[in-house]
Amino acid sequence: MSTRGTWFMRDRPVVIWLIAAFLVSLVHPFFAYSRWLMVHLVVLGAVTHAAMVWSVHFTEALLKTRAGFEERRLQTIRLSVFQSGVLFVLVGVPTRVTVLTMIGATLISGAVLWHAVMLVRRLRAALPGRFRITVRYYVVAALFLPVGATFGVLLASGHDHSAAAADSTHAHLLVAHTMVNLLGWIGLTILGTLVTLWPTMLRTRMADTAEAASRRALPVLVAGISLVVTSPFIDQPVVGAIGIGLYLAGTLWVYRPILTAARRRPPYAFPTLSVGAGLLWLPVGLLLMAWSLGARGSWEAIADNYGALTTIFVVGFALQVLLGALSYLLPVVVGGGPSVVRAGMVELERWGTARVTVANLGLALCLLPVPSLVRVVVSVLTLAALATSIPLIFRGIRASVAAKRAKEAAAEPGAGPGDTRLSKDQVAARTAQSQAQSWSRPQLIAGVAIIAVGATLGVGLDPTAAGLTVASGPTPAAAAVAPTGDTTTVKVTMKDMRFTPDSVDVPVGNRLVIEVANTDAGDVHDLVLATGERSGRINPGGTGRLEVDVVRSSIDGWCSVVGHRQMGMLFTVNAIGAEPSGTSADAASGNDPAAHGSAGHGTPGGPGASPAIDFMAKWKAGSAAYDPVLPPLTDEKVRRITLTVREVELEVAPGVTQTRWTYNGSSIAPTLHGRVGDTFEVTLVNQGSMGHSIDFHASELAPEGPMRTIQPGESLVYRFTAKRSGIWMYHCSTMPMTSHIAAGMAGAVVIEPEGLPAVDRSYVLAQSEIYLGAQGGPVNADKVMAEQPDAVVFNGHANQYVDHPLEARVGERVRIWVLDIGPNRPTSFHVVGGQFDTVYKEGTYLLKNGRGALDPPGATTGGAQALDLASAQGGFVELSFPEPGRYPVVSHIMVDAERGARGFIEVRD
C-alpha cells in the first residue's frame with residue numbers, strides 16, 4: 001500500500017477525531033454534551049483507533065511475524081467497523097436514541113474483540129522471544145473494553161434510574177465505565193507499549209529489567225482494576241482504595257525501567273517531553289482519586305465532581321501520550337531513512353518545549369482553586385498548546401513525504417542536474433535545526449511567561465476575586481498619628497455568614513495583621529476593610545491575610561460577596577485611644593457614613609445609585625422576549641439537562657441592564673417539562689465567580705448532597721424522579737438565597753397531572769422581582785433585604801409581553817401555567833376581560849370546566865377571576881376568548897402590575 005494510502009487508513013482518522021475534539025471545545029459550554037463529546041472523541045475516537053493500529057504494528061515487530069499474517073484488507077474492515085460503531089455512539093447518546101448507542105457499542109466491542117483474537121493468533125504462531133508480555137498487555141486491555149462499553153450503554157439508556165437508588169447506581173456505573181476504559185483499555189495498552197517504545201524514542205538501550213517488570217506488574221494492574229470496578233457495586237470504598245493502591249503499585253513497577261532509560265538519556269524533544277509529561281499525570285490522577293475517596297467516603301460524591309479526574313486521565317495522561325507518540329511514529333511510517341525522518345521531525349518538534357510547558361502548567365493551574373476567569377484564560381492557552389500539534393503533524397507528514405520523493409527521484413537511473421538529493425550540508429543543517437527545536441531553556445521560560453501573562457490577564461478581568469485592591473493613603477489629619485512600632489495580630493474564621501471574632505481592639509498607632517481562614521463547607525468569602533485592604537476571595541478551606549500599616553481610627557469591615565454583608569458578615573476594628581466618632585479621623589479613614597451615602601462601602605450599586613425604569617417605555621424593535629410557550633412534552637422517561645451558571649449582563653427593562661446570575665444565560669431559568677414517574681438528570685456546571693447550587697422542589701431528596709454549593713469550575717449531577725404533579729419551583733439555595741433567586745437563579749418544572757387534556761396553547765409565566773444596583777451591576781442585596789423591588793416582572797423582563805404579546809385565536813383553549821418565584825412578593829394572576837373556567841393550584845383543581853370540588857354533578861357555570869399565589873407556589877388557569885382583542889395579563893396586586901408585571905394576549909379571529 002502507498003504511503004498516502006497507509007496514512008489515510010491507519011493514522012488520519014486519529015487526527016480527524018482530535019480535530020473534532022478541539023472544535024467541540026470551542027463551543028463548550030454552550031453545548032450540553034460538549035464535555036462528554038470531547039472525552040469520547042479523544043478516548044474512543046482517537047486513542048482507541050491509535051491503539052488498535054499501533055498494537056498490531058508493535059506485535060508484528062516484537063514477535064517478528066510476517067507482515068502478511070493478516071490481510072491488510074481485513075485490518076481495514078475491522079477499523080471501518082470500529083469507526084462506524086464510534087459514529088453510532090456519538091450520535092446515539094446526545095440524541096438519546098438508545099438503539100443507536102447499543103448498535104455502536106456492539107460494533108466497537110466486536111471490532112476490539114476481533115482485534116484481540118488476531119493478536120492471540122499472532123502470539124501463538126510466533127517463535128519464543130522477548131517481550132511477548134507486551135502482546136499480552138494488548139490482549140488483556142482489549143478484553144476490558146467490551147465491559148466498559150456495556151456500562152456505557154447502561155448509563156446512556158437510563159437503566160440505572162429505574163430503582164429508588166438512582167443516584168448511587170448512576171455513580172457506580174460512571175465509575176465502572178470510566179475506570180475500565182481509562183485504566184483497563186487505555187492504561188494497559190500505553191503501559192505495555194512504552195516499556196519498549198520509550199527507550200527507542202530516547203535512542204538509548206532498554207533496561208535489563210524491563211521485561212521482568214512488565215511481566216510482574218500485569219497481574220497487579222489487573223487486580224487493581226478489578227477491585228476499583230467492583231467496589232462501587234458492593235458499596236465498599238475501602239476495596240476501591242485498595243484497588244487504586246494496587247494499580248498505582250503496578251504502574252510504578254512498570255515505570256522503573258522507563259525511569260532507568262530516562263536517566264541514561266533525558267527527554268529532549270517534543271515527542272519524549274510530551275510522553276514523559278503524560279506519564280507523570282497518571283500517578284497524580286490515581287493519588288487524587290484515592291484522596292478524594294478517602295476524604296469524601298463514597299463513589300457518589302466522586303462521581304458528582306468527576307471533572308478534575310477526567311481531565312487528568314484524558315488530557316494530562318492519554319492525550320499527551322498520544323500526541324507525543326504520534327509525533328515520533330508518523331515520520332517513521334513514511335520511511336525513507338534517517339534523512340526523511342529528520343525532515344518530518346523538524347516540523348513536528350517546533351516549539352516543543354514551550355508547547356509542553358504551557359500545556360502542563362496550564363493544566364495544573366486549571367485544577368487549582370483559582371478565580372474562574374483565570375481558569376478560563378489559562379484553559380484556552382492549554383488548549384491552544386495541545387491543538388498546535390495538529391497542524392504540525394500535517395506539516396511533518398508533508399515534509400517527510402516530500403523528502404522521500406526527492407530521495408527516490410535522486411535514486412532513479414539517469415537522474416541529471418534536476419536531482420533533488422539533499423547534500424551533506426543540507427542534511428546537517430536540518431539535523432541542527434531539529435536539535436535546536438528540542439529541549440530549550442528559552443522556550444521553557446517563554447512557556448512559563450505565557451501562563452503567567454494568561455493568569456495575570458484573568459486576574460485583571462476579575463480583580464475582586466483575586467483580592468486585589470488599591471488603597472488610598474491617609475489624609476494629613478490621619479497621618480498625624482504616630483506609629484508605635486507594635487503589631488496586633490488576630491486570627492479570624494469565616495463560617496455561616498459570620499466572622500469569628502467579629503471585632504478586634506487595636507491601640508491607635510499599632511500595625512494590624514488579620515489572618516483569615518474560611519472554615520465554611522461551601523461558600524467563598526473574603527474580608528474587606530473600609531480603608532481598602534482586602535483578603536481576596538477565599539475558597540472553603542483556604543486562608544488569607546490583611547495588613548494595616550498604622551491603625552489611626554476605627555475601621556469597618558465586611559464580606560464583599562454579594563449579599564453576605566447583608567446576612568451579617570461584618571467586622572470591626574476598634575481603635576483604642578482614637579478621636580470620638582464624627583471627627584476628622586473618621587472622615588479620613590472612610591468610616592463616616594455621611595461621607596459615603598447610605599449604601600456604605602462594598603454594596604454594589606447602593607440605594608439611590610440605580611437607573612430609573614420608565615415603565616411606559618417600549619422595547620426596541622427587533623428585541624426578543626423570553627419565549628413563554630411551554631416546551632413540548634416528549635416520550636422519554638429519563639430527561640437529561642445541563643444547567644450552566646453564567647454571569648451575564650442583560651436588559652431587564654428598556655434601557656436598563658443588570659448582571660444576572662443565570663442558569664444557561666437567560667434572565668430566568670429554563671422551564672423543564674415532564675410527567676409523573678419521569679426521572680430528571682440535571683448536570684449543574686458552575687462557570688460563575690462564586691459558589692452556587694440548585695434545589696428542585698419537585699424532588700424528594702436529602703439536601704446535603706445534590707443541593708450542596710459548588711465552587712467555580714465544579715459540577716455536580718442532581719437526579720430525582722417526579723412523583724407528584726404540579727408546577728414546581730427550582731432555584732439556587734446558596735445563602736443569601738434571596739439575592740441568588742432575585743438575581744435570576746430560579747425557574748419552573750412542570751409535571752403534568754395524569755389525564756391532563758390537550759389544549760390549543762400552553763404558556764408559562766413566572767413572576768419575580770428585580771432589585772437594581774448601578775447600571776449593569778449585580779443584584780442590590782440591601783434592597784432585597786429591605787423588600788424594595790425596582791420592578792416586578794413576568795419571565796425576567798419588565799413589560800416584555802406588552803410589546804411582544806402572547807397569541808391566541810378566538811375559541812381556542814389556552815392554558816397558562818403561573819409560578820411565583822419571588823423571592824418575596826405574592827401574586828394575584830388575572831386576565832382582564834377573561835374568566836377562568838379551570839383553576840389548578842398546588843397539585844389540585846379548585847375549579848374544573850366550570851365545576852368546583854363541592855358543586856353538584858353537572859354544574860358548569862362556576863368561574864374564577866384570579867389565581868392567588870404566595871412565593872414558591874404555582875398552578876394553572878384555563879380560558880378561551882369569545883372575540884378578538886388585546887387582553888391584558890397582570891398581577892392584580894396593582895402596584896406590581898404598574899411596575900412591570902403585565903402584558904397582553906393578542907387574540908385574533
# chains A, B, ... in the order shown; residues from 1 in each chain; ligands from 1

$ select_by_dssp --residues "region 731-789 of chain A" --states "helix (DSSP H, G or I)" --output "ChimeraX atom specification"
/A:737-742,781-786

$ closest_residue --among "A:Thr543, A:Thr98, A:Thr659, A:Ser84" --to "Gly777 (chain A)" --atoms "only C-alpha atoms"
A:Thr659

$ closest_residue --among "A:Leu79, A:Leu322, A:Val506, A:Ala290" --to "Val43 (chain A)" --atoms "only C-alpha atoms"
A:Leu322

$ closest_residue --among "A:Glu636, A:Phe131, A:Trp198, A:Val321" --to "Val97 (chain A)" --atoms "only C-alpha atoms"
A:Glu636

$ residues_around --residues "region 55-61 of chain A" --least-positions-apart "4" --cutoff "10 Å" --atoms "only C-alpha atoms" --output "count of residues only"
29

$ atom_distance --atom1 "CA of Ile770 (chain A)" --atom2 "CA of Pro823 (chain A)"
9.8 Å

$ atom_distance --atom1 "CA of Pro442 (chain A)" --atom2 "CA of Leu363 (chain A)"
20.7 Å

$ closest_residue --among "A:Asp520, A:Asp505, A:Glu515, A:Asp635" --to "Ser553 (chain A)" --atoms "only C-alpha atoms"
A:Asp505

$ atom_distance --atom1 "CA of Pro884 (chain A)" --atom2 "CA of Leu633 (chain A)"
28.9 Å

$ closest_residue --among "A:Val890, A:Ala617, A:Asp678, A:Arg708" --to "Thr634 (chain A)" --atoms "only C-alpha atoms"
A:Asp678

$ closest_residue --among "A:Ala653, A:Leu527, A:Ser739, A:Arg511" --to "Met616 (chain A)" --atoms "only C-alpha atoms"
A:Ala653

$ residues_around --residues "Thr487 (chain A)" --least-positions-apart "3" --cutoff "8 Å" --atoms "only C-alpha atoms" --output "list in words"
Asn510, Arg511, Leu512 and Val513 of chain A

$ write_last_selection --atoms "N, CA, C and O atoms" --output "PDB file, in the first residue's frame"
ATOM      1  N   ASN A 510      -0.797  51.211  66.280  1.00  0.00           N
ATOM      2  CA  ASN A 510      -0.279  49.864  66.076  1.00  0.00           C
ATOM      3  C   ASN A 510      -0.445  49.414  64.620  1.00  0.00           C
ATOM      4  O   ASN A 510      -1.340  49.860  63.904  1.00  0.00           O
ATOM      5  N   ARG A 511       0.401  48.506  64.221  1.00  0.00           N
ATOM      6  CA  ARG A 511       0.219  47.778  62.962  1.00  0.00           C
ATOM      7  C   ARG A 511      -0.738  46.625  63.240  1.00  0.00           C
ATOM      8  O   ARG A 511      -0.680  45.995  64.296  1.00  0.00           O
ATOM      9  N   LEU A 512      -1.628  46.328  62.282  1.00  0.00           N
ATOM     10  CA  LEU A 512      -2.627  45.261  62.458  1.00  0.00           C
ATOM     11  C   LEU A 512      -2.432  44.182  61.400  1.00  0.00           C
ATOM     12  O   LEU A 512      -2.324  44.485  60.204  1.00  0.00           O
ATOM     13  N   VAL A 513      -2.385  42.941  61.839  1.00  0.00           N
ATOM     14  CA  VAL A 513      -2.324  41.783  60.939  1.00  0.00           C
ATOM     15  C   VAL A 513      -3.533  40.909  61.233  1.00  0.00           C
ATOM     16  O   VAL A 513      -3.747  40.503  62.379  1.00  0.00           O
TER      17      VAL A 513
END

$ residues_around --residues "region 105-112 of chain A" --least-positions-apart "2" --cutoff "7 Å" --atoms "only C-alpha atoms" --output "PyMOL selection string"
chain A and resi 78+81-82+85-86+89+101-103+114-116+142+145-146+149

$ residues_around --residues "Gly278 (chain A)" --least-positions-apart "4" --cutoff "10 Å" --atoms "only C-alpha atoms" --output "number ranges by chain"
A: 272-274, 282-283, 312-324, 356, 360

$ write_last_selection --atoms "N, CA, C and O atoms" --output "PDB file, in the first residue's frame"
ATOM      1  N   THR A 272       9.248  12.960  23.270  1.00  0.00           N
ATOM      2  CA  THR A 272       9.569  12.380  24.572  1.00  0.00           C
ATOM      3  C   THR A 272       9.136  13.286  25.725  1.00  0.00           C
ATOM      4  O   THR A 272       8.729  12.799  26.784  1.00  0.00           O
ATOM      5  N   LEU A 273       9.200  14.603  25.528  1.00  0.00           N
ATOM      6  CA  LEU A 273       8.720  15.509  26.571  1.00  0.00           C
ATOM      7  C   LEU A 273       7.220  15.344  26.777  1.00  0.00           C
ATOM      8  O   LEU A 273       6.738  15.319  27.916  1.00  0.00           O
ATOM      9  N   SER A 274       6.473  15.219  25.695  1.00  0.00           N
ATOM     10  CA  SER A 274       5.021  15.074  25.805  1.00  0.00           C
ATOM     11  C   SER A 274       4.653  13.744  26.451  1.00  0.00           C
ATOM     12  O   SER A 274       3.814  13.686  27.348  1.00  0.00           O
ATOM     13  N   LEU A 282      -0.486  10.263  35.232  1.00  0.00           N
ATOM     14  CA  LEU A 282      -1.212   9.052  35.632  1.00  0.00           C
ATOM     15  C   LEU A 282      -1.150   8.822  37.139  1.00  0.00           C
ATOM     16  O   LEU A 282      -2.198   8.659  37.789  1.00  0.00           O
ATOM     17  N   PRO A 283       0.029   8.784  37.770  1.00  0.00           N
ATOM     18  CA  PRO A 283       0.023   8.625  39.236  1.00  0.00           C
ATOM     19  C   PRO A 283      -0.611   9.803  39.965  1.00  0.00           C
ATOM     20  O   PRO A 283      -1.207   9.627  41.033  1.00  0.00           O
ATOM     21  N   ILE A 312      -7.483  14.945  34.198  1.00  0.00           N
ATOM     22  CA  ILE A 312      -6.143  14.400  34.428  1.00  0.00           C
ATOM     23  C   ILE A 312      -5.906  13.155  33.589  1.00  0.00           C
ATOM     24  O   ILE A 312      -4.891  13.023  32.891  1.00  0.00           O
ATOM     25  N   PHE A 313      -6.845  12.201  33.641  1.00  0.00           N
ATOM     26  CA  PHE A 313      -6.650  10.936  32.932  1.00  0.00           C
ATOM     27  C   PHE A 313      -6.724  11.104  31.413  1.00  0.00           C
ATOM     28  O   PHE A 313      -5.949  10.483  30.684  1.00  0.00           O
ATOM     29  N   VAL A 314      -7.654  11.931  30.938  1.00  0.00           N
ATOM     30  CA  VAL A 314      -7.862  12.044  29.492  1.00  0.00           C
ATOM     31  C   VAL A 314      -6.877  13.023  28.863  1.00  0.00           C
ATOM     32  O   VAL A 314      -6.198  12.701  27.894  1.00  0.00           O
ATOM     33  N   VAL A 315      -6.813  14.252  29.402  1.00  0.00           N
ATOM     34  CA  VAL A 315      -5.960  15.278  28.798  1.00  0.00           C
ATOM     35  C   VAL A 315      -4.522  15.136  29.259  1.00  0.00           C
ATOM     36  O   VAL A 315      -3.599  15.060  28.444  1.00  0.00           O
ATOM     37  N   GLY A 316      -4.333  15.097  30.585  1.00  0.00           N
ATOM     38  CA  GLY A 316      -2.966  15.031  31.098  1.00  0.00           C
ATOM     39  C   GLY A 316      -2.245  13.767  30.681  1.00  0.00           C
ATOM     40  O   GLY A 316      -1.090  13.812  30.226  1.00  0.00           O
ATOM     41  N   PHE A 317      -2.906  12.606  30.821  1.00  0.00           N
ATOM     42  CA  PHE A 317      -2.266  11.322  30.551  1.00  0.00           C
ATOM     43  C   PHE A 317      -2.460  10.867  29.100  1.00  0.00           C
ATOM     44  O   PHE A 317      -1.521  10.888  28.293  1.00  0.00           O
ATOM     45  N   ALA A 318      -3.674  10.487  28.726  1.00  0.00           N
ATOM     46  CA  ALA A 318      -3.903   9.822  27.442  1.00  0.00           C
ATOM     47  C   ALA A 318      -3.591  10.725  26.254  1.00  0.00           C
ATOM     48  O   ALA A 318      -2.898  10.306  25.309  1.00  0.00           O
ATOM     49  N   LEU A 319      -4.102  11.965  26.250  1.00  0.00           N
ATOM     50  CA  LEU A 319      -3.916  12.832  25.096  1.00  0.00           C
ATOM     51  C   LEU A 319      -2.455  13.213  24.906  1.00  0.00           C
ATOM     52  O   LEU A 319      -1.943  13.215  23.774  1.00  0.00           O
ATOM     53  N   GLN A 320      -1.748  13.525  25.983  1.00  0.00           N
ATOM     54  CA  GLN A 320      -0.337  13.903  25.825  1.00  0.00           C
ATOM     55  C   GLN A 320       0.518  12.729  25.352  1.00  0.00           C
ATOM     56  O   GLN A 320       1.409  12.901  24.525  1.00  0.00           O
ATOM     57  N   VAL A 321       0.247  11.533  25.870  1.00  0.00           N
ATOM     58  CA  VAL A 321       0.990  10.366  25.395  1.00  0.00           C
ATOM     59  C   VAL A 321       0.706  10.133  23.916  1.00  0.00           C
ATOM     60  O   VAL A 321       1.613   9.850  23.125  1.00  0.00           O
ATOM     61  N   LEU A 322      -0.570  10.256  23.531  1.00  0.00           N
ATOM     62  CA  LEU A 322      -0.925  10.050  22.125  1.00  0.00           C
ATOM     63  C   LEU A 322      -0.228  11.056  21.215  1.00  0.00           C
ATOM     64  O   LEU A 322       0.357  10.679  20.183  1.00  0.00           O
ATOM     65  N   LEU A 323      -0.273  12.346  21.562  1.00  0.00           N
ATOM     66  CA  LEU A 323       0.358  13.360  20.721  1.00  0.00           C
ATOM     67  C   LEU A 323       1.870  13.155  20.633  1.00  0.00           C
ATOM     68  O   LEU A 323       2.461  13.303  19.558  1.00  0.00           O
ATOM     69  N   GLY A 324       2.492  12.804  21.754  1.00  0.00           N
ATOM     70  CA  GLY A 324       3.927  12.565  21.722  1.00  0.00           C
ATOM     71  C   GLY A 324       4.289  11.351  20.890  1.00  0.00           C
ATOM     72  O   GLY A 324       5.234  11.384  20.078  1.00  0.00           O
ATOM     73  N   VAL A 356       4.885  21.949  25.538  1.00  0.00           N
ATOM     74  CA  VAL A 356       4.715  21.056  26.682  1.00  0.00           C
ATOM     75  C   VAL A 356       4.623  21.860  27.978  1.00  0.00           C
ATOM     76  O   VAL A 356       3.809  21.547  28.866  1.00  0.00           O
ATOM     77  N   ASN A 360       1.157  21.770  30.329  1.00  0.00           N
ATOM     78  CA  ASN A 360       1.167  21.150  31.651  1.00  0.00           C
ATOM     79  C   ASN A 360       1.052  22.158  32.785  1.00  0.00           C
ATOM     80  O   ASN A 360       0.346  21.909  33.769  1.00  0.00           O
TER      81      ASN A 360
END

$ residues_around --residues "Val792 (chain A)" --least-positions-apart "3" --cutoff "6 Å" --atoms "only C-alpha atoms" --output "short mmCIF file (atom, residue, chain, number, x, y, z; two decimals) with all heavy atoms, in the first residue's frame"
data_model
loop_
_atom_site.label_atom_id
_atom_site.label_comp_id
_atom_site.auth_asym_id
_atom_site.auth_seq_id
_atom_site.Cartn_x
_atom_site.Cartn_y
_atom_site.Cartn_z
N SER A 768 -41.36 37.33 39.22
CA SER A 768 -40.23 37.54 40.12
C SER A 768 -39.98 39.03 40.26
O SER A 768 -40.64 39.85 39.61
CB SER A 768 -38.97 36.83 39.60
OG SER A 768 -38.61 37.33 38.32
N GLU A 769 -39.00 39.38 41.08
CA GLU A 769 -38.70 40.78 41.37
C GLU A 769 -37.30 41.14 40.89
O GLU A 769 -36.41 40.29 40.87
CB GLU A 769 -38.81 41.03 42.87
CG GLU A 769 -40.18 40.72 43.45
CD GLU A 769 -40.12 39.81 44.67
OE1 GLU A 769 -39.23 40.01 45.52
OE2 GLU A 769 -40.94 38.89 44.76
N ASP A 896 -47.75 46.09 41.63
CA ASP A 896 -46.80 45.26 40.89
C ASP A 896 -47.07 45.27 39.40
O ASP A 896 -46.14 45.23 38.58
CB ASP A 896 -46.84 43.82 41.43
CG ASP A 896 -46.28 43.72 42.84
OD1 ASP A 896 -45.54 44.65 43.25
OD2 ASP A 896 -46.58 42.73 43.53
N ARG A 899 -45.51 48.24 37.97
CA ARG A 899 -44.04 48.26 37.89
C ARG A 899 -43.51 47.01 37.19
O ARG A 899 -42.47 46.48 37.56
CB ARG A 899 -43.41 48.43 39.27
CG ARG A 899 -43.85 47.46 40.34
CD ARG A 899 -43.20 47.84 41.68
NE ARG A 899 -43.69 47.01 42.78
CZ ARG A 899 -43.38 47.23 44.05
NH1 ARG A 899 -42.59 48.24 44.38
NH2 ARG A 899 -43.86 46.45 45.00
N GLY A 900 -44.26 46.56 36.17
CA GLY A 900 -43.68 45.59 35.26
C GLY A 900 -44.37 44.26 35.11
O GLY A 900 -44.09 43.53 34.15
N ALA A 901 -45.27 43.87 36.03
CA ALA A 901 -45.90 42.55 35.97
C ALA A 901 -47.18 42.64 35.13
O ALA A 901 -48.29 42.50 35.64
CB ALA A 901 -46.20 42.02 37.36
#
